[in-house]
>>> print(open('protein-v1.cif').read())   # mmCIF, C-alpha atoms
data_structure
loop_
_atom_site.label_atom_id
_atom_site.label_comp_id
_atom_site.auth_asym_id
_atom_site.auth_seq_id
_atom_site.Cartn_x
_atom_site.Cartn_y
_atom_site.Cartn_z
CA MET G 1 0.00 0.00 0.00
CA ASP G 2 2.88 2.38 0.83
CA GLU G 3 4.46 1.72 -2.50
CA TYR G 4 1.18 2.38 -4.16
CA THR G 5 0.61 5.59 -2.24
CA ALA G 6 4.10 6.78 -3.10
CA LYS G 7 3.47 5.93 -6.69
CA GLN G 8 0.27 7.90 -6.60
CA ASN G 9 1.73 10.94 -4.86
CA PRO G 10 5.07 11.69 -6.45
CA LYS G 11 6.61 15.03 -5.61
CA SER G 12 8.64 17.37 -7.75
CA SER G 13 11.92 18.77 -6.49
CA ASP G 14 10.15 21.87 -5.15
CA GLY G 15 8.17 19.60 -2.84
CA ARG G 16 4.83 20.16 -4.56
CA SER G 17 2.67 17.14 -5.20
CA LEU G 18 2.29 16.07 -8.82
CA GLU G 19 -1.00 14.42 -7.96
CA PRO G 20 -3.39 16.91 -9.65
CA TRP G 21 -1.38 16.82 -12.88
CA GLU G 22 -1.08 13.07 -12.73
CA ALA G 23 -4.78 12.68 -11.97
CA GLN G 24 -5.61 14.76 -15.05
CA LEU G 25 -3.36 12.56 -17.14
CA ARG G 26 -4.89 9.35 -15.82
CA LYS G 27 -8.37 10.76 -16.18
CA GLY G 28 -7.78 11.55 -19.83
CA SER G 29 -6.62 8.05 -20.64
CA LEU G 30 -9.16 6.11 -18.59
CA GLU G 31 -11.74 5.62 -21.31
CA MET G 32 -9.09 4.36 -23.70
CA ALA G 33 -7.65 2.03 -21.05
CA ILE G 34 -11.04 0.50 -20.26
CA LEU G 35 -11.76 -0.05 -23.94
CA ALA G 36 -8.28 -1.53 -24.39
CA THR G 37 -8.90 -4.16 -21.70
CA LEU G 38 -11.73 -5.46 -23.89
CA TRP G 39 -9.68 -5.64 -27.10
CA THR G 40 -8.78 -9.32 -26.93
CA ASP G 41 -11.86 -10.79 -25.31
CA GLU G 42 -15.02 -10.02 -23.40
CA LYS G 43 -14.66 -9.37 -19.70
CA TYR G 44 -16.79 -8.73 -16.62
CA GLY G 45 -16.27 -5.81 -14.26
CA LEU G 46 -13.75 -7.32 -11.88
CA GLU G 47 -11.66 -8.68 -14.75
CA ILE G 48 -11.52 -5.21 -16.26
CA LEU G 49 -10.41 -3.78 -12.92
CA ARG G 50 -7.71 -6.43 -12.57
CA ALA G 51 -6.47 -5.67 -16.07
CA LEU G 52 -6.38 -1.94 -15.32
CA ASP G 53 -4.74 -2.51 -12.00
CA GLY G 54 -2.12 -4.92 -13.22
CA LYS G 55 -1.14 -3.40 -16.54
CA SER G 56 -1.85 0.28 -16.48
CA SER G 57 -1.52 1.49 -12.87
CA LEU G 58 -4.91 3.04 -13.42
CA ALA G 59 -6.89 2.30 -10.28
CA LEU G 60 -10.35 3.71 -9.79
CA ALA G 61 -13.21 3.53 -7.32
CA GLU G 62 -14.69 0.20 -8.27
CA GLY G 63 -18.33 1.22 -8.29
CA THR G 64 -17.66 4.02 -10.73
CA LEU G 65 -16.25 1.56 -13.25
CA TYR G 66 -19.83 0.47 -13.82
CA LEU G 67 -20.90 4.06 -14.34
CA ILE G 68 -18.26 4.43 -17.04
CA LEU G 69 -19.18 1.12 -18.64
CA ASN G 70 -22.78 2.26 -18.60
CA ARG G 71 -21.81 5.44 -20.37
CA LEU G 72 -19.68 3.57 -22.93
CA LYS G 73 -22.64 1.35 -23.58
CA THR G 74 -24.91 4.36 -24.10
CA ASP G 75 -22.33 5.72 -26.55
CA GLY G 76 -22.50 2.41 -28.42
CA LEU G 77 -18.85 1.56 -27.80
CA VAL G 78 -19.46 -1.58 -25.74
CA GLU G 79 -22.22 -4.14 -25.46
CA SER G 80 -23.06 -6.38 -22.51
CA LYS G 81 -24.94 -9.49 -21.52
CA TRP G 82 -25.62 -11.41 -18.33
CA VAL G 83 -24.01 -14.84 -18.26
CA ASP G 84 -24.58 -17.56 -15.71
CA ALA G 85 -20.97 -18.46 -15.00
CA GLY G 86 -21.80 -21.33 -12.66
CA THR G 87 -20.44 -19.41 -9.68
CA GLY G 88 -23.79 -19.10 -7.97
CA HIS G 89 -24.34 -15.61 -9.30
CA PRO G 90 -24.41 -14.28 -12.87
CA ARG G 91 -21.73 -12.06 -14.33
CA LYS G 92 -22.25 -9.21 -16.72
CA TYR G 93 -19.79 -9.48 -19.58
CA TYR G 94 -18.76 -6.55 -21.76
CA TRP G 95 -17.26 -6.54 -25.24
CA LEU G 96 -16.35 -3.95 -27.83
CA THR G 97 -18.77 -3.14 -30.59
CA LYS G 98 -17.57 -2.38 -34.10
CA VAL G 99 -17.80 1.34 -33.33
CA GLY G 100 -15.91 0.75 -30.08
CA LYS G 101 -13.09 -1.03 -31.91
CA GLU G 102 -12.82 1.78 -34.43
CA ARG G 103 -12.78 4.38 -31.67
CA LEU G 104 -10.11 2.46 -29.77
CA ARG G 105 -7.95 2.11 -32.89
CA ALA G 106 -8.17 5.85 -33.50
CA MET G 107 -7.36 6.55 -29.84
CA ALA G 108 -4.40 4.18 -29.90
CA ARG G 109 -3.02 5.74 -33.10
CA PHE G 110 -3.23 9.18 -31.55
CA TRP G 111 -1.77 8.04 -28.23
CA ILE G 112 1.22 6.31 -29.82
CA GLN G 113 2.01 9.30 -32.03
CA PHE G 114 1.50 11.70 -29.14
CA SER G 115 3.72 9.82 -26.71
CA ALA G 116 6.42 9.40 -29.38
CA ASP G 117 6.42 13.15 -30.04
CA LEU G 118 6.47 13.91 -26.36
CA GLY G 119 9.22 11.35 -25.79
CA GLU G 120 11.35 13.12 -28.34
CA LEU G 121 10.76 16.40 -26.56
CA LEU G 122 11.66 14.87 -23.22
CA ASP G 123 14.74 13.04 -24.46
CA PRO G 124 17.16 15.78 -23.35
CA LEU G 125 15.84 15.46 -19.81
CA GLY G 126 16.79 11.81 -19.75
CA ASP G 127 20.37 12.67 -20.85
CA ARG G 128 20.59 15.34 -18.20
CA LYS G 129 19.48 12.91 -15.56
CA GLU G 130 22.11 10.40 -16.61
CA LYS G 131 24.86 13.04 -16.60
CA HIS G 132 23.65 14.26 -13.24
CA SER G 133 23.87 10.78 -11.75
CA VAL G 134 27.34 10.27 -13.29
CA HIS G 135 28.56 13.50 -11.62
CA GLN G 136 27.24 12.32 -8.30
CA MET C 1 -18.05 -14.00 9.93
CA SER C 2 -20.86 -16.44 9.34
CA THR C 3 -22.29 -16.83 5.85
CA ASN C 4 -25.59 -15.45 7.08
CA SER C 5 -24.15 -12.25 8.45
CA VAL C 6 -22.09 -11.73 5.28
CA THR C 7 -25.22 -12.18 3.17
CA GLU C 8 -27.09 -9.78 5.45
CA SER C 9 -24.38 -7.15 5.11
CA VAL C 10 -24.31 -7.48 1.32
CA ASP C 11 -28.11 -7.30 1.21
CA GLU C 12 -28.09 -4.26 3.42
CA TYR C 13 -25.52 -2.54 1.17
CA CYS C 14 -27.56 -3.40 -1.93
CA ASN C 15 -30.77 -2.19 -0.28
CA ARG C 16 -29.17 1.13 0.49
CA LEU C 17 -28.05 1.39 -3.12
CA TRP C 18 -31.51 0.39 -4.34
CA LYS C 19 -33.20 3.05 -2.19
CA ALA C 20 -30.72 5.72 -3.23
CA LEU C 21 -31.47 5.02 -6.90
CA HIS C 22 -35.07 6.16 -6.56
CA ASN C 23 -36.75 7.86 -9.55
CA LEU C 24 -34.98 5.55 -11.97
CA PRO C 25 -36.87 3.03 -14.10
CA THR C 26 -37.08 -0.26 -12.22
CA PRO C 27 -35.31 -2.43 -14.86
CA GLU C 28 -32.35 -0.03 -14.97
CA ARG C 29 -32.26 0.15 -11.19
CA GLU C 30 -32.38 -3.64 -10.89
CA ASP C 31 -29.65 -4.09 -13.46
CA PHE C 32 -27.23 -1.73 -11.74
CA VAL C 33 -27.82 -3.12 -8.24
CA ARG C 34 -27.50 -6.66 -9.58
CA GLU C 35 -24.19 -5.81 -11.19
CA VAL C 36 -22.77 -4.20 -8.06
CA ARG C 37 -23.99 -7.15 -6.02
CA SER C 38 -22.36 -9.56 -8.42
CA HIS C 39 -19.13 -7.57 -8.13
CA ILE C 40 -19.16 -7.71 -4.33
CA LEU C 41 -19.86 -11.45 -4.32
CA GLU C 42 -17.05 -11.98 -6.81
CA ARG C 43 -14.67 -10.12 -4.54
CA LEU C 44 -15.80 -12.09 -1.51
CA GLU C 45 -15.24 -15.39 -3.30
CA ALA C 46 -11.63 -14.45 -3.85
CA GLU C 47 -11.06 -14.10 -0.11
CA PRO C 48 -9.82 -17.11 1.87
CA GLU C 49 -11.57 -15.76 4.93
CA VAL C 50 -14.24 -13.10 5.04
CA THR C 51 -13.85 -10.94 8.11
CA ALA C 52 -15.77 -7.79 8.98
CA ASP C 53 -12.64 -5.84 8.09
CA VAL C 54 -12.41 -7.40 4.62
CA LEU C 55 -16.08 -6.74 4.03
CA THR C 56 -15.70 -3.09 5.04
CA LYS C 57 -12.71 -2.71 2.72
CA ILE C 58 -14.65 -4.16 -0.18
CA PHE C 59 -17.64 -1.88 0.47
CA ARG C 60 -15.28 1.09 0.70
CA ALA C 61 -13.61 0.13 -2.56
CA VAL C 62 -16.95 -0.19 -4.33
CA GLY C 63 -18.11 3.14 -2.96
CA GLU C 64 -20.67 4.66 -0.63
CA PRO C 65 -24.14 3.67 -1.98
CA LYS C 66 -25.47 7.22 -1.76
CA GLU C 67 -22.55 8.70 -3.70
CA LEU C 68 -22.59 5.92 -6.24
CA ALA C 69 -26.33 6.31 -6.75
CA SER C 70 -26.04 10.07 -6.95
CA GLU C 71 -23.47 9.80 -9.75
CA TYR C 72 -25.57 7.19 -11.51
CA ARG C 73 -28.72 9.28 -11.29
CA THR C 74 -26.95 12.38 -12.59
CA GLN C 75 -25.63 10.34 -15.48
CA ALA C 76 -29.06 8.86 -16.16
CA MET C 77 -30.71 12.28 -16.14
CA LEU C 78 -28.12 13.75 -18.49
CA ARG C 79 -28.45 10.70 -20.72
CA GLU C 80 -32.21 11.13 -20.83
CA ALA C 81 -31.79 14.83 -21.57
CA THR C 82 -29.62 14.15 -24.61
CA ARG C 83 -31.48 11.14 -25.94
CA SER C 84 -32.10 11.38 -29.67
CA ASP C 85 -35.87 11.17 -29.77
CA ALA C 86 -38.33 13.96 -30.50
CA GLN C 87 -39.95 14.02 -27.06
CA TRP C 88 -37.29 16.26 -25.57
CA VAL C 89 -38.80 19.23 -27.43
CA LEU C 90 -41.84 18.96 -25.23
CA ARG C 91 -39.98 18.34 -22.00
CA PRO C 92 -37.87 21.33 -20.98
CA TRP C 93 -38.09 20.25 -17.36
CA VAL C 94 -36.01 17.20 -18.24
CA LEU C 95 -33.21 19.52 -19.29
CA LEU C 96 -33.77 21.85 -16.35
CA ARG C 97 -33.74 19.00 -13.85
CA ALA C 98 -30.68 17.40 -15.40
CA THR C 99 -28.68 20.64 -15.53
CA LEU C 100 -29.71 21.55 -11.99
CA ARG C 101 -28.41 18.22 -10.76
CA TRP C 102 -25.29 18.53 -12.86
CA GLY C 103 -24.82 22.12 -11.66
CA VAL C 104 -24.51 20.94 -8.07
CA THR C 105 -21.33 19.05 -8.92
CA SER C 106 -19.55 21.04 -11.61
CA ILE C 107 -18.93 24.51 -13.00
CA ALA C 108 -19.93 23.36 -16.49
CA GLY C 109 -23.20 22.09 -15.04
CA LEU C 110 -23.81 25.42 -13.31
CA VAL C 111 -23.23 27.30 -16.57
CA ALA C 112 -25.59 24.92 -18.37
CA PHE C 113 -28.25 25.44 -15.70
CA PHE C 114 -28.10 29.24 -15.81
CA VAL C 115 -28.15 29.32 -19.61
CA THR C 116 -31.09 26.91 -19.65
CA VAL C 117 -33.07 28.89 -17.07
CA THR C 118 -32.35 32.16 -18.89
CA GLY C 119 -33.26 30.74 -22.30
CA TYR C 120 -36.48 29.12 -21.17
CA GLY C 121 -37.25 32.20 -19.06
CA CYS C 122 -37.08 34.37 -22.20
CA ALA C 123 -39.32 31.91 -24.04
CA VAL C 124 -41.88 32.00 -21.20
CA VAL C 125 -41.94 35.83 -21.18
CA PHE C 126 -42.46 35.98 -24.96
CA TYR C 127 -45.27 33.41 -24.81
CA LEU C 128 -46.97 35.11 -21.85
CA CYS C 129 -46.84 38.49 -23.58
CA ALA C 130 -48.40 37.00 -26.71
CA LEU C 131 -51.14 35.31 -24.69
CA LEU C 132 -51.89 38.16 -22.29
CA LYS C 133 -51.86 41.06 -24.77
CA PRO C 134 -55.57 40.67 -25.67
CA ILE C 135 -56.48 40.58 -21.95
CA PHE C 136 -54.30 43.51 -20.76
CA PRO C 137 -53.80 45.50 -23.99
CA THR C 138 -52.52 48.66 -22.27
CA HIS C 139 -50.21 46.89 -19.84
CA ILE C 140 -48.49 44.24 -21.96
CA GLY C 141 -45.88 45.18 -24.52
CA LEU C 142 -42.32 46.00 -25.44
CA TRP C 143 -41.44 49.11 -23.45
CA LEU C 144 -38.78 51.76 -23.84
CA ALA C 145 -38.24 53.67 -20.63
CA ALA C 146 -35.75 56.14 -19.21
CA GLN C 147 -32.03 55.27 -18.99
CA HIS C 148 -32.35 53.30 -22.24
CA THR C 149 -34.24 50.56 -20.46
CA LEU C 150 -35.87 48.14 -22.90
CA SER C 151 -38.39 45.79 -21.31
CA LEU C 152 -40.80 43.14 -22.41
CA GLY C 153 -43.71 42.25 -20.18
CA TYR C 154 -46.31 43.73 -17.84
CA TRP C 155 -46.14 47.48 -17.10
CA ASN C 156 -47.47 48.57 -13.68
CA GLY C 157 -49.28 51.55 -15.26
CA ARG C 158 -47.35 54.30 -13.46
CA LEU C 159 -45.47 57.05 -15.23
CA SER C 160 -43.49 57.95 -12.15
CA GLY C 161 -41.85 54.81 -10.82
CA ALA C 162 -42.70 52.82 -13.94
CA GLU C 163 -41.82 49.17 -13.56
CA VAL C 164 -42.08 46.32 -16.04
CA TYR C 165 -42.25 42.69 -14.96
CA GLY C 166 -40.91 40.18 -17.48
CA MET C 167 -37.49 40.71 -18.92
CA SER C 168 -35.52 43.91 -19.15
CA MET C 169 -32.17 45.15 -20.27
CA ARG C 170 -30.48 48.43 -19.58
CA SER C 171 -27.23 49.47 -21.21
CA PRO C 172 -24.52 48.61 -20.68
CA THR C 173 -24.78 45.43 -18.58
CA SER C 174 -28.07 45.10 -16.67
CA PHE C 175 -30.30 42.22 -17.69
CA VAL C 176 -33.06 40.35 -15.91
CA VAL C 177 -35.44 37.55 -16.91
CA LEU C 178 -38.61 36.64 -15.00
CA GLY C 179 -38.25 39.71 -12.84
CA THR C 180 -37.82 43.48 -12.95
CA LEU C 181 -34.92 45.91 -13.02
CA GLY C 182 -36.82 48.14 -10.62
CA PRO C 183 -38.73 51.40 -11.12
CA THR C 184 -37.55 54.01 -13.59
CA GLY C 185 -38.46 57.68 -13.72
CA GLY C 186 -39.50 59.60 -16.81
CA PRO C 187 -41.49 58.66 -19.88
CA ILE C 188 -42.25 55.15 -21.02
CA ARG C 189 -43.63 54.15 -24.38
CA GLU C 190 -44.81 50.95 -25.98
CA LEU C 191 -43.18 49.95 -29.25
CA LEU C 192 -44.98 47.00 -30.82
CA GLY C 193 -48.72 47.27 -30.21
CA TYR C 194 -50.56 44.11 -31.25
CA TRP C 195 -47.59 42.95 -33.29
CA ILE C 196 -46.36 41.56 -30.02
CA ILE C 197 -48.75 38.62 -30.45
CA PRO C 198 -47.18 37.03 -33.56
CA ILE C 199 -43.71 38.24 -32.60
CA GLY C 200 -44.13 36.85 -29.08
CA PHE C 201 -45.16 33.41 -30.34
CA LEU C 202 -42.37 33.35 -32.92
CA CYS C 203 -39.62 34.52 -30.56
CA GLY C 204 -40.93 32.25 -27.78
CA ALA C 205 -40.65 29.24 -30.08
CA LEU C 206 -37.19 30.32 -31.24
CA PHE C 207 -35.90 30.78 -27.69
CA PHE C 208 -37.43 27.50 -26.66
CA LEU C 209 -35.84 25.53 -29.49
CA ALA C 210 -32.51 27.33 -29.32
CA THR C 211 -32.27 26.73 -25.56
CA SER C 212 -33.14 23.04 -25.86
CA MET C 213 -30.66 22.51 -28.67
CA PHE C 214 -27.89 24.45 -26.97
CA THR C 215 -28.36 22.68 -23.64
CA ARG C 216 -28.35 19.25 -25.28
CA TRP C 217 -25.22 20.14 -27.20
CA PHE C 218 -23.57 21.54 -24.09
CA ILE C 219 -24.32 18.42 -22.04
CA ALA C 220 -23.04 16.13 -24.78
CA ARG C 221 -19.90 18.24 -25.17
CA PHE C 222 -18.90 18.77 -21.56
CA ASN C 223 -20.51 16.01 -19.53
CA ARG C 224 -17.99 13.29 -20.39
CA ARG C 225 -15.18 15.12 -18.61
CA LYS C 226 -17.10 15.18 -15.34
CA LYS C 227 -17.67 11.46 -15.24
CA TRP C 228 -14.06 10.60 -15.69
CA THR C 229 -13.21 13.04 -12.91
CA ALA C 230 -15.55 11.24 -10.59
CA SER C 231 -13.98 7.97 -11.55
CA VAL C 232 -10.47 8.76 -10.50
CA SER C 233 -11.08 11.28 -7.76
CA HIS C 234 -10.78 8.65 -5.06
CA VAL C 235 -7.83 6.97 -6.62
CA THR C 236 -5.49 7.52 -3.69
CA SER C 237 -7.96 6.60 -0.98
CA ILE C 238 -9.21 3.24 -2.17
CA PRO C 239 -7.47 -0.08 -1.83
CA ARG C 240 -6.41 -1.64 -5.10
CA VAL C 241 -8.05 -4.75 -6.45
CA THR C 242 -4.79 -6.63 -6.13
CA GLU C 243 -4.43 -5.67 -2.49
CA LEU C 244 -7.75 -7.14 -1.55
CA ASP C 245 -7.76 -9.93 -4.01
CA SER C 246 -5.75 -12.62 -2.32
CA SER C 247 -6.35 -15.06 -5.12
CA ARG C 248 -3.67 -13.36 -7.18
#
>>> encode(input="protein-v1.cif", output="structure tokens")
Amino acid sequence: MDEYTAKQNPKSSDGRSLEPWEAQLRKGSLEMAILATLWTDEKYGLEILRALDGKSSLALAEGTLYLILNRLKTDGLVESKWVDAGTGHPRKYYWLTKVGKERLRAMARFWIQFSADLGELLDPLGDRKEKHSVHQ
Amino acid sequence: MSTNSVTESVDEYCNRLWKALHNLPTPEREDFVREVRSHILERLEAEPEVTADVLTKIFRAVGEPKELASEYRTQAMLREATRSDAQWVLRPWVLLRATLRWGVTSIAGLVAFFVTVTGYGCAVVFYLCALLKPIFPTHIGLWLAAQHTLSLGYWNGRLSGAEVYGMSMRSPTSFVVLGTLGPTGGPIRELLGYWIIPIGFLCGALFFLATSMFTRWFIARFNRRKKWTASVSHVTSIPRVTELDSSR
């Protein structure tokens, strides 16, 4: 939990928390991340959360995941159905619709281009960091 | 914890959620509660031992029923307000109710609410003027008073301390809808006569349609941001799935 908290509340050298900036960044990518968890196969809520948690470091209040899924469904990006999984209670599975897949592809294209451009811009900072650590 | 008390706690949580989701259509309400219930049960199954502490952590991670329901209801109202059927034209209160609810939680919502109230307010004043002109021909009209005050509505009949109830604007920045800018001294004259009847109906309809269309567009444009904010706002205070999920 400490590691997680530290990860969620990094501080810049001036001691100010980066949390608001980081939250904005996470917030902006949440829809794409949720859609991406459904790219390979259909999943139910908890599976989506596990995928987000394990692969993207995007954690969210669990109940609100269903609000977002509901919204994505209204937008026609995902579809859902109740399945009796033999666990004693049914699970609601979600999968991407054709529109959802197209939207996710477009998002991914933009994201990859955007992060590559930004990476290029931030490259000098990486060099500086290395030099700085060499000097130390 | 015994199985019975766990079931009771889950039922109690779901009941609270169910009650907090009032005003929603029953099938939608049932579906959401069923899904949250299924989620909680799924989480419990992954625990080797269910203690009161574990149960509390799971409930906390899922969210307080009232808050969850409040977000869901806001979303449902906004969804209804932007639904692409023709009925919305006849239901301005759907937009007013949705923007009022939205306005409680965000600046964008507040802007939407004020624009909606102002727009519909103008429409109401135009319609009322058109309808009431034949009944109060000397009191209803478009009035030009002192201090460049232009008003549409019901004049109180006084020359000194003339006041018009409806909507008024006074250069450079004073504007009021469904109210009055207060009494003005000096002359007042009516500008439109009976032309206010067709003009009132026409402008009322235009304001009505323009307001509905703008509000629907505004909700569709700015609402998405709010939901994502709600989704990650508790990100540092909730336990992660992997922390609670001992099966991994």
>>> residues_around(input="protein-v1.cif", residues="Leu96 in chain G", least_positions_apart="6", cutoff="10 Å", atoms="all atoms listed in the file", output="PyMOL selection string")
chain G and resi 35-43+72-73+76-80+102-104
>>> closest_residue(input="protein-v1.cif", among="C:Ala145, C:Ile40, C:Ala61, C:Val54", to="chain G", atoms="only C-alpha atoms")
C:Ala61
>>> resolve_selection(input="protein-v1.cif", expression="the PyMOL selection byres ((chain C and resi 115) around 12)", output="MDAnalysis selection string")
chainID C and resid 95:96 99:100 103 108:114 116:122 177 207:208 210:216 218:219
>>> interface_residues(input="protein-v1.cif", of="chain G", to="chain C", cutoff="9 Å", atoms="all atoms listed in the file", output="JSON, numbers by chain")
{"G": [1, 4, 5, 8, 9, 23, 24, 26, 27, 28, 30, 31, 44, 45, 46, 49, 50, 53, 54, 58, 59, 60, 61, 62, 63, 64, 65, 66, 67, 68, 71, 74, 87, 89, 90, 91, 92]}
>>> residues_near_point(input="protein-v1.cif", point="(-27.0, 53.0, -17.6)", cutoff="6 Å", atoms="all atoms listed in the file", output="JSON, numbers by chain")
{"C": [147, 171, 172]}
>>> resolve_selection(input="protein-v1.cif", expression="the PyMOL selection byres ((chain C and resi 160-162) around 7)", output="JSON, numbers by chain")
{"C": [156, 157, 158, 159, 163, 164, 183, 184, 185, 186]}
>>> write_last_selection(input="protein-v1.cif", atoms="C-alpha atoms", output="tab-separated table (two decimals), in the coordinates of the input")
chain	number	residue	atom	x	y	z
C	156	ASN	CA	-47.47	48.57	-13.68
C	157	GLY	CA	-49.28	51.55	-15.26
C	158	ARG	CA	-47.35	54.30	-13.46
C	159	LEU	CA	-45.47	57.05	-15.23
C	163	GLU	CA	-41.82	49.17	-13.56
C	164	VAL	CA	-42.08	46.32	-16.04
C	183	PRO	CA	-38.73	51.40	-11.12
C	184	THR	CA	-37.55	54.01	-13.59
C	185	GLY	CA	-38.46	57.68	-13.72
C	186	GLY	CA	-39.50	59.60	-16.81
>>> atom_distance(input="protein-v1.cif", atom1="CA of Ala98 in chain C", atom2="CA of Val125 in chain C")
22.4 Å
>>> atom_distance(input="protein-v1.cif", atom1="CA of Thr51 in chain C", atom2="CA of Tyr93 in chain G")
28.4 Å
>>> residues_around(input="protein-v1.cif", residues="Ser9 in chain C", least_positions_apart="3", cutoff="10 Å", atoms="all atoms listed in the file", output="list in words")
Thr3, Asn4, Ser5, Val6, Glu12, Tyr13, Cys14, Asn15, Ala52, Leu55, Thr56 and Phe59 of chain C
